[in-house]
Amino acid sequence: TLDLGGTFTNIKIQPTMYGIFFEDINFAADGGIYAELIKNRSFEFDEPLTGWKQQNTKTLSPNLDSGFLTIYSDDSKTNKNYARITVYNDKNYILENEGFRGIGLHKDAKYDFSFNLENVSGNISAITASLTDENGKVISTVPILIKGKGWQKYAAVFSLSKTVEKAKLQITFTGSGVVNMDMISLFPQDTWKGRKGGLRKDLVQKLYDLQPGFLRFPGGCIVEGRTLAERYQWKKTLGNVADREYIINKWSSGFAHRLAPDYYQSFGLGFYEYFQLSEDLGAEPLPILSCGMACQFNTGELVHLEELNPFVQDALDLIEFANGDIKTKWGKIRSEMGHPQPFNMKYIGVGNEQWGEDYIERYKIFEKAIHAKYPDIKIISGSGPSPDGEFFEYGWKELKKLNAQIVDEHYYNSPEWFTQNAGRYDAYDRSGPKVFAGEYAAQSVGVVKPDNKNNWQTALSEAAFMTGLERNADVVTMTSYAPLFAHADGWQWTPDLIWFNNLQSYATPNYYVQKLFSNNKGTDLIKISENGNAVKGQNQLFASAVKDRKNNEVIIKIVNTDSQEKSIEINPKNIKLGSKLTKTTLTASQLLSENNFETENIKPFEENSVIKNGRFTVEIPANSFVVLKIK
Ligand code: AHR
């Protein structure tokens with residue numbers, strides 16, 4: 001028997017309790033949610049022809065039959081490179097782009113194709129753009145007439161009558177002459193909210209369905225960079241996308257398991273777009289900024305304390321960008337980008353996953369400056385990776401002394417660790433900082449191992465653990481699984497919440513656990529106990545309960561990690577229950593079962609019934625997570 005209520009806890013579940021961690025790892029942004037289909041669209045990668053091929057040539061040598069391509073640079077620009085194409089002898093010269101592990105095209109969909117071109121000399125009066133399937137067969141073609149001199153933007157629309165997962169783009173130049181080209185771009189028209197140059201709809205929909213309380217961006221380690229020069233600099237991600245400076249993605253190397261040397265950040269998904277996405281999702285924006293420390297797993301480069309000011313200023317300017325009046329410098333830039341209304345940002349993170357004295361002394365400087373100007377902004381500080389080590393203890397001790405507001409903890413650990421730690425926050429100091437469980441995921445093999453699976457065992461252990469997060473909602477106010485996305489052909493890190501390829505995506509069992517918690521977070525914590533004790537693993541049962549004041553519902557979450565079904569009696573004490581019971585069950589045939597692109601076998605199913613007299617009994621299947629909603 002589980003007793004419900006009995007003590008009024010008076011603890012609110014924060015609207016931010018379950019959120020999203022977004023990082024451009026595993027092709028999450030470029031090649032993923034940012035719907036651009038052309039890789040290296042403006043030749044800015046360190047190897048400017050990465051992703052591009054001259055179809056009927058073997059080298060860049062000018063002594064060719066049909067033509068050649070040379071990269072030119074304009075150093076006055078942030079986006080310097082462009083391609084000069086010289087075509088000889090009235091032959092066809094073909095330039096081909098491979099996309100991000102191919103270009104995904106859907107039957108009956110339309111695609112916006114565009115490029116900038118300068119007609120330099122000679123007579124190239126038309127080019128033909130084609131999309132080809134995996135066998136090199138042309139499946140759609142658009143002819144484009146070239147007119148006038150000077151740089152001009154050209155656009156055309158492809159219509160598709162076939163679905164192709166790994167298509168290519170070919171541009172054929174006919175005639176003899178010289179043109180310059182840049183920003184060669186291909187976007188589906190059917191993006192999230194139909195925005196031009198926007199985000200991939202199926203992927204954003206999955207985020208929307210989570211009803212996340214916050215969106216943390218842009219990471220993760222890419223905030224820090226392998227070197228300080230490669231850190232994420234939000235100011236460089238604003239304005240016209242063609243002018244946003246590329247950098248190599250941290251996840252192209254380092255301890256990334258599947259190295260992707262062709263992984264760059266175009267910043268087409270930049271800070272404005274992150275704020276806009278937060279707004280679309282109804283989630284609080286939670287940007288995390290560099291605190292002047294490069295990733296300590298890489299170079300660990302440090303900015304001297306006396307030189308930290310530009311970094312601190314970046315944080316202050318970001319708050320002005322998000323919240324400032326349109327008369328302010330940064331508020332004006334936001335307004336010019338299309339959002340005169342403030343984004344109403346309430347949180348900012350100082351450093352991603354830093355630790356030690358170096359972090360604390362930098363945090364202090366940020367905290368002082370931010371709160372002097374913006375006392376209402378809540379600051380997230382970090383406790384470093386893998387809790388419970390020496391650095392973690394030190395970080396927490398110091399941050400407590402400094403009255404830090406919210407401390408970010410990251411833990412990637414075994415499923416056993418997660419079930420054994422359902423009581424992790426029971427003894428946390430109620431008068432200390434709040435906890436942001438900002439990155440966590442159960443690892444089926446081990447941390448940063450390439451073959452971790454998103455199997456049911458990992459998801460079930462996370463569900464068990466999450467009842468402990470919820471029971472401690474007075475201390476834990478924000479939580480997020482990490483990483484969020486992974487491209488099936490472009491990942492570096494496993495496990496991940498949502499997997500996708502160029503055409504489809506699927507939700508893992510871990511996703512459904514997150515969704516059930518987030519969609520049923522309620523507003524007020526209710527006590528649930530067995531013989532007066534919190535239900536945190538006795539008889540392999542875990543439980544938490546909330547009231548949803550808006551919908552007048554009581555919601556009970558029960559996790560059974562036993563291989564036997566359990567019959568549980570719910571005994572309401574001092575709580576009046578309604579009579580409509582909705583039971584949602586998430587389970588799998590085996591602990592090692594997984595979802596995949598073909599089928600989502602592991603997903604919640606609902607049953608409705610009527611209960612009488614308050615007390616009722618429910619069956620909780622073996623190895624299952626059950627949500628009971630009573631209205
Ligand atoms: O989520 C993957 C990585 O794990 C994040 O970038 C980093 O913060 C952590 O080490």
# chains A, B, ... in the order shown; residues from 1 in each chain; ligands from 1
call {"tool": "residues_around", "arguments": {"residues": "Glu230 of chain A", "least_positions_apart": "4", "cutoff": "9 Å", "atoms": "only C-alpha atoms", "output": "number ranges by chain"}}
result
A: 222-226, 247-250, 294
call {"tool": "closest_atom_pairs", "arguments": {"of": "chain A", "to": "ligand 1", "cutoff": "10 Å", "atoms": "only C-alpha atoms and all ligand atoms", "output": "JSON lines"}}
result
{"residue": "A:Phe21", "atom": "CA", "partner": "ligand 1", "partner_atom_place_in_ligand_line": "1 (O)", "distance": 8.3}
{"residue": "A:Phe22", "atom": "CA", "partner": "ligand 1", "partner_atom_place_in_ligand_line": "1 (O)", "distance": 8.8}
{"residue": "A:Glu23", "atom": "CA", "partner": "ligand 1", "partner_atom_place_in_ligand_line": "6 (O)", "distance": 6.8}
{"residue": "A:Asp24", "atom": "CA", "partner": "ligand 1", "partner_atom_place_in_ligand_line": "6 (O)", "distance": 8.7}
{"residue": "A:Ile25", "atom": "CA", "partner": "ligand 1", "partner_atom_place_in_ligand_line": "6 (O)", "distance": 7.4}
{"residue": "A:Asn26", "atom": "CA", "partner": "ligand 1", "partner_atom_place_in_ligand_line": "2 (C)", "distance": 9.5}
{"residue": "A:Pro218", "atom": "CA", "partner": "ligand 1", "partner_atom_place_in_ligand_line": "6 (O)", "distance": 9.4}
{"residue": "A:Gly219", "atom": "CA", "partner": "ligand 1", "partner_atom_place_in_ligand_line": "6 (O)", "distance": 5.8}
{"residue": "A:Gly220", "atom": "CA", "partner": "ligand 1", "partner_atom_place_in_ligand_line": "6 (O)", "distance": 3.3}
{"residue": "A:Cys221", "atom": "CA", "partner": "ligand 1", "partner_atom_place_in_ligand_line": "6 (O)", "distance": 3.8}
{"residue": "A:Ile222", "atom": "CA", "partner": "ligand 1", "partner_atom_place_in_ligand_line": "6 (O)", "distance": 6.4}
{"residue": "A:Val223", "atom": "CA", "partner": "ligand 1", "partner_atom_place_in_ligand_line": "6 (O)", "distance": 8.2}
{"residue": "A:Glu224", "atom": "CA", "partner": "ligand 1", "partner_atom_place_in_ligand_line": "8 (O)", "distance": 9.1}
{"residue": "A:Gly225", "atom": "CA", "partner": "ligand 1", "partner_atom_place_in_ligand_line": "6 (O)", "distance": 9.8}
{"residue": "A:Lys250", "atom": "CA", "partner": "ligand 1", "partner_atom_place_in_ligand_line": "6 (O)", "distance": 9.1}
{"residue": "A:Trp251", "atom": "CA", "partner": "ligand 1", "partner_atom_place_in_ligand_line": "6 (O)", "distance": 8.6}
{"residue": "A:Ala256", "atom": "CA", "partner": "ligand 1", "partner_atom_place_in_ligand_line": "2 (C)", "distance": 9.6}
{"residue": "A:Cys295", "atom": "CA", "partner": "ligand 1", "partner_atom_place_in_ligand_line": "7 (C)", "distance": 9.0}
{"residue": "A:Gln296", "atom": "CA", "partner": "ligand 1", "partner_atom_place_in_ligand_line": "10 (O)", "distance": 9.8}
{"residue": "A:Phe297", "atom": "CA", "partner": "ligand 1", "partner_atom_place_in_ligand_line": "10 (O)", "distance": 8.5}
{"residue": "A:Gly351", "atom": "CA", "partner": "ligand 1", "partner_atom_place_in_ligand_line": "8 (O)", "distance": 9.8}
{"residue": "A:Asn352", "atom": "CA", "partner": "ligand 1", "partner_atom_place_in_ligand_line": "8 (O)", "distance": 6.1}
{"residue": "A:Glu353", "atom": "CA", "partner": "ligand 1", "partner_atom_place_in_ligand_line": "8 (O)", "distance": 5.4}
{"residue": "A:Gln354", "atom": "CA", "partner": "ligand 1", "partner_atom_place_in_ligand_line": "8 (O)", "distance": 8.9}
{"residue": "A:Gly384", "atom": "CA", "partner": "ligand 1", "partner_atom_place_in_ligand_line": "10 (O)", "distance": 8.6}
{"residue": "A:Pro385", "atom": "CA", "partner": "ligand 1", "partner_atom_place_in_ligand_line": "10 (O)", "distance": 6.4}
{"residue": "A:Ser386", "atom": "CA", "partner": "ligand 1", "partner_atom_place_in_ligand_line": "10 (O)", "distance": 8.7}
{"residue": "A:Glu409", "atom": "CA", "partner": "ligand 1", "partner_atom_place_in_ligand_line": "8 (O)", "distance": 9.8}
{"residue": "A:His410", "atom": "CA", "partner": "ligand 1", "partner_atom_place_in_ligand_line": "9 (C)", "distance": 7.1}
{"residue": "A:Tyr411", "atom": "CA", "partner": "ligand 1", "partner_atom_place_in_ligand_line": "9 (C)", "distance": 8.5}
{"residue": "A:Tyr412", "atom": "CA", "partner": "ligand 1", "partner_atom_place_in_ligand_line": "4 (O)", "distance": 8.1}
{"residue": "A:Gly438", "atom": "CA", "partner": "ligand 1", "partner_atom_place_in_ligand_line": "8 (O)", "distance": 8.8}
{"residue": "A:Glu439", "atom": "CA", "partner": "ligand 1", "partner_atom_place_in_ligand_line": "1 (O)", "distance": 6.5}
{"residue": "A:Tyr440", "atom": "CA", "partner": "ligand 1", "partner_atom_place_in_ligand_line": "1 (O)", "distance": 8.0}
{"residue": "A:Ala441", "atom": "CA", "partner": "ligand 1", "partner_atom_place_in_ligand_line": "1 (O)", "distance": 8.9}
{"residue": "A:Val447", "atom": "CA", "partner": "ligand 1", "partner_atom_place_in_ligand_line": "4 (O)", "distance": 9.4}
{"residue": "A:Val448", "atom": "CA", "partner": "ligand 1", "partner_atom_place_in_ligand_line": "4 (O)", "distance": 8.5}
{"residue": "A:Tyr481", "atom": "CA", "partner": "ligand 1", "partner_atom_place_in_ligand_line": "1 (O)", "distance": 8.6}
{"residue": "A:Ala482", "atom": "CA", "partner": "ligand 1", "partner_atom_place_in_ligand_line": "1 (O)", "distance": 5.0}
{"residue": "A:Pro483", "atom": "CA", "partner": "ligand 1", "partner_atom_place_in_ligand_line": "1 (O)", "distance": 4.4}
{"residue": "A:Leu484", "atom": "CA", "partner": "ligand 1", "partner_atom_place_in_ligand_line": "1 (O)", "distance": 8.0}
{"residue": "A:Phe485", "atom": "CA", "partner": "ligand 1", "partner_atom_place_in_ligand_line": "1 (O)", "distance": 10.0}
{"residue": "A:Gln492", "atom": "CA", "partner": "ligand 1", "partner_atom_place_in_ligand_line": "2 (C)", "distance": 9.3}
{"residue": "A:Trp493", "atom": "CA", "partner": "ligand 1", "partner_atom_place_in_ligand_line": "2 (C)", "distance": 7.0}
{"residue": "A:Thr494", "atom": "CA", "partner": "ligand 1", "partner_atom_place_in_ligand_line": "2 (C)", "distance": 8.8}
{"residue": "A:Pro495", "atom": "CA", "partner": "ligand 1", "partner_atom_place_in_ligand_line": "1 (O)", "distance": 9.4}
{"residue": "A:Asp496", "atom": "CA", "partner": "ligand 1", "partner_atom_place_in_ligand_line": "1 (O)", "distance": 8.7}
call {"tool": "write_last_selection", "arguments": {"atoms": "C-alpha atoms", "output": "CSV table (one decimal), in the first residue's frame"}}
result
chain,number,residue,atom,x,y,z
A,21,PHE,CA,19.6,20.6,-23.1
A,22,PHE,CA,20.6,21.6,-26.7
A,23,GLU,CA,24.1,21.3,-28.0
A,24,ASP,CA,25.4,21.1,-31.6
A,25,ILE,CA,26.9,17.7,-31.1
A,26,ASN,CA,26.1,14.6,-33.2
A,218,PRO,CA,24.2,26.3,-27.0
A,219,GLY,CA,25.8,23.4,-25.0
A,220,GLY,CA,27.8,21.7,-23.6
A,221,CYS,CA,31.5,21.8,-24.3
A,222,ILE,CA,31.0,23.9,-27.5
A,223,VAL,CA,30.3,26.8,-25.1
A,224,GLU,CA,33.9,26.5,-23.9
A,225,GLY,CA,35.7,25.4,-27.1
A,250,LYS,CA,34.6,21.0,-31.0
A,251,TRP,CA,32.9,17.7,-31.7
A,256,ALA,CA,34.6,12.4,-29.9
A,295,CYS,CA,37.3,23.0,-22.2
A,296,GLN,CA,39.3,21.4,-19.3
A,297,PHE,CA,39.2,18.1,-21.1
A,351,GLY,CA,30.6,28.5,-17.8
A,352,ASN,CA,29.5,25.0,-18.9
A,353,GLU,CA,31.2,22.3,-17.0
A,354,GLN,CA,34.1,23.9,-15.3
A,384,GLY,CA,32.0,20.2,-13.0
A,385,PRO,CA,31.5,16.7,-14.4
A,386,SER,CA,31.0,13.4,-12.6
A,409,GLU,CA,25.4,19.1,-11.9
A,410,HIS,CA,26.3,16.6,-14.7
A,411,TYR,CA,26.3,12.9,-14.3
A,412,TYR,CA,26.6,10.1,-16.9
A,438,GLY,CA,21.7,19.9,-16.3
A,439,GLU,CA,23.1,16.8,-18.1
A,440,TYR,CA,22.4,13.2,-17.2
A,441,ALA,CA,21.8,9.9,-19.0
A,447,VAL,CA,30.7,7.0,-20.1
A,448,VAL,CA,31.8,8.2,-23.6
A,481,TYR,CA,18.7,14.8,-20.3
A,482,ALA,CA,21.8,15.0,-22.5
A,483,PRO,CA,22.7,14.9,-25.3
A,484,LEU,CA,19.5,15.7,-27.1
A,485,PHE,CA,19.9,14.7,-30.7
A,492,GLN,CA,30.0,11.3,-31.8
A,493,TRP,CA,28.4,10.5,-28.5
A,494,THR,CA,25.9,7.9,-27.3
A,495,PRO,CA,23.3,7.6,-25.9
A,496,ASP,CA,21.0,10.4,-27.1
call {"tool": "closest_residue", "arguments": {"among": "A:Thr561, A:Ser161, A:Asn298, A:Thr50", "to": "Tyr111 of chain A", "atoms": "only C-alpha atoms"}}
result
A:Ser161
call {"tool": "closest_residue", "arguments": {"among": "A:Val626, A:Ser76, A:Tyr394, A:Lys527", "to": "Asn574 of chain A", "atoms": "only C-alpha atoms"}}
result
A:Lys527
call {"tool": "select_by_dssp", "arguments": {"residues": "segment 46-159 of chain A", "states": "strand (DSSP E or B)", "output": "VMD selection string"}}
result
chain A and resid 52 to 54 67 to 73 81 to 87 93 to 97 99 102 to 105 110 to 132 138 to 145 151 to 159
call {"tool": "closest_residue", "arguments": {"among": "A:Ala464, A:Leu586, A:Trp355, A:Leu259", "to": "Glu390 of chain A", "atoms": "only C-alpha atoms"}}
result
A:Trp355
call {"tool": "closest_atom_pairs", "arguments": {"of": "segment 233-285 of chain A", "to": "segment 320-344 of chain A", "cutoff": "12 Å", "atoms": "only C-alpha atoms", "output": "tab-separated table"}}
result
residue	atom	partner	partner_atom	distance
A:Trp234	CA	A:Phe321	CA	10.5
A:Lys235	CA	A:Phe321	CA	9.6
A:Thr237	CA	A:Met337	CA	11.8
A:Leu238	CA	A:Met337	CA	8.2
A:Gly239	CA	A:Met337	CA	6.7
A:Asn240	CA	A:Met337	CA	8.7
A:Val241	CA	A:Met337	CA	11.0
A:Gly270	CA	A:Met337	CA	11.7
A:Phe271	CA	A:Ala322	CA	9.5
A:Tyr272	CA	A:Arg334	CA	7.3
A:Glu273	CA	A:Met337	CA	9.8
A:Tyr274	CA	A:Phe343	CA	10.6
A:Phe275	CA	A:Phe343	CA	6.8
A:Gln276	CA	A:Phe343	CA	8.1
A:Leu277	CA	A:Phe343	CA	10.7
A:Ser278	CA	A:Phe343	CA	9.0
A:Glu279	CA	A:Phe343	CA	7.5
A:Asp280	CA	A:Phe343	CA	11.1
A:Gly282	CA	A:Phe343	CA	11.2
A:Ala283	CA	A:Phe343	CA	10.9
A:Glu284	CA	A:Asn344	CA	8.4
A:Pro285	CA	A:Phe343	CA	8.1
call {"tool": "residues_around", "arguments": {"residues": "Pro604 of chain A", "least_positions_apart": "4", "cutoff": "8 Å", "atoms": "only C-alpha atoms", "output": "ChimeraX atom specification"}}
result
/A:512,584-587
call {"tool": "residues_around", "arguments": {"residues": "segment 541-543 of chain A", "least_positions_apart": "2", "cutoff": "6 Å", "atoms": "only C-alpha atoms", "output": "list of chain:residue names"}}
result
A:Ala464, A:Thr467, A:Val535, A:Lys536, A:Gly537, A:Gln538, A:Asn539, A:Lys557, A:Ile558, A:Val559, A:Asn560
call {"tool": "write_last_selection", "arguments": {"atoms": "N, CA and C atoms", "output": "CSV table (one decimal), in the first residue's frame"}}
result
chain,number,residue,atom,x,y,z
A,464,ALA,N,13.2,5.8,-12.6
A,464,ALA,CA,13.3,5.6,-11.1
A,464,ALA,C,14.0,6.8,-10.5
A,467,THR,N,11.9,10.1,-10.2
A,467,THR,CA,10.9,10.2,-9.1
A,467,THR,C,11.6,10.9,-7.9
A,535,VAL,N,9.2,6.4,-1.2
A,535,VAL,CA,9.3,5.1,-1.9
A,535,VAL,C,10.5,5.3,-2.9
A,536,LYS,N,11.6,4.7,-2.5
A,536,LYS,CA,12.8,5.0,-3.3
A,536,LYS,C,13.7,3.7,-3.5
A,537,GLY,N,13.0,2.6,-3.8
A,537,GLY,CA,13.7,1.4,-4.1
A,537,GLY,C,13.4,0.2,-3.3
A,538,GLN,N,12.6,0.4,-2.2
A,538,GLN,CA,12.2,-0.8,-1.4
A,538,GLN,C,11.3,-1.6,-2.3
A,539,ASN,N,11.6,-2.9,-2.3
A,539,ASN,CA,10.9,-3.8,-3.2
A,539,ASN,C,10.9,-3.4,-4.7
A,557,LYS,N,3.3,8.9,-10.0
A,557,LYS,CA,4.3,8.2,-10.9
A,557,LYS,C,4.9,7.0,-10.2
A,558,ILE,N,4.8,5.8,-10.7
A,558,ILE,CA,5.3,4.7,-10.1
A,558,ILE,C,6.2,3.9,-11.0
A,559,VAL,N,7.4,3.6,-10.5
A,559,VAL,CA,8.4,2.8,-11.4
A,559,VAL,C,8.6,1.5,-10.7
A,560,ASN,N,8.5,0.4,-11.4
A,560,ASN,CA,8.7,-0.9,-10.9
A,560,ASN,C,9.9,-1.5,-11.6
call {"tool": "residues_around", "arguments": {"residues": "Asn551 of chain A", "least_positions_apart": "2", "cutoff": "12 Å", "atoms": "only C-alpha atoms", "output": "count of residues only"}}
result
16
call {"tool": "residues_around", "arguments": {"residues": "Arg430 of chain A", "least_positions_apart": "2", "cutoff": "7 Å", "atoms": "only C-alpha atoms", "output": "list in words"}}
result
Tyr428, Gly432 and Val475 of chain A
call {"tool": "select_by_dssp", "arguments": {"residues": "segment 164-282 of chain A", "states": "helix (DSSP H, G or I)", "output": "PyMOL selection string"}}
result
chain A and resi 192-194+201-209+221-223+228-230+234-237+241-243+250-252+271-281
call {"tool": "closest_atom_pairs", "arguments": {"of": "segment 6-95 of chain A", "to": "segment 114-121 of chain A", "cutoff": "10 Å", "atoms": "only C-alpha atoms", "output": "Markdown table"}}
result
| residue | atom | partner | partner_atom | distance |
| --- | --- | --- | --- | --- |
| A:Arg41 | CA | A:Phe115 | CA | 9.0 |
| A:Ser42 | CA | A:Phe115 | CA | 9.3 |
| A:Tyr82 | CA | A:Leu117 | CA | 9.5 |
| A:Ala83 | CA | A:Leu117 | CA | 9.5 |
| A:Arg84 | CA | A:Val120 | CA | 9.0 |
| A:Ile85 | CA | A:Val120 | CA | 9.6 |
| A:Thr86 | CA | A:Ser121 | CA | 9.3 |
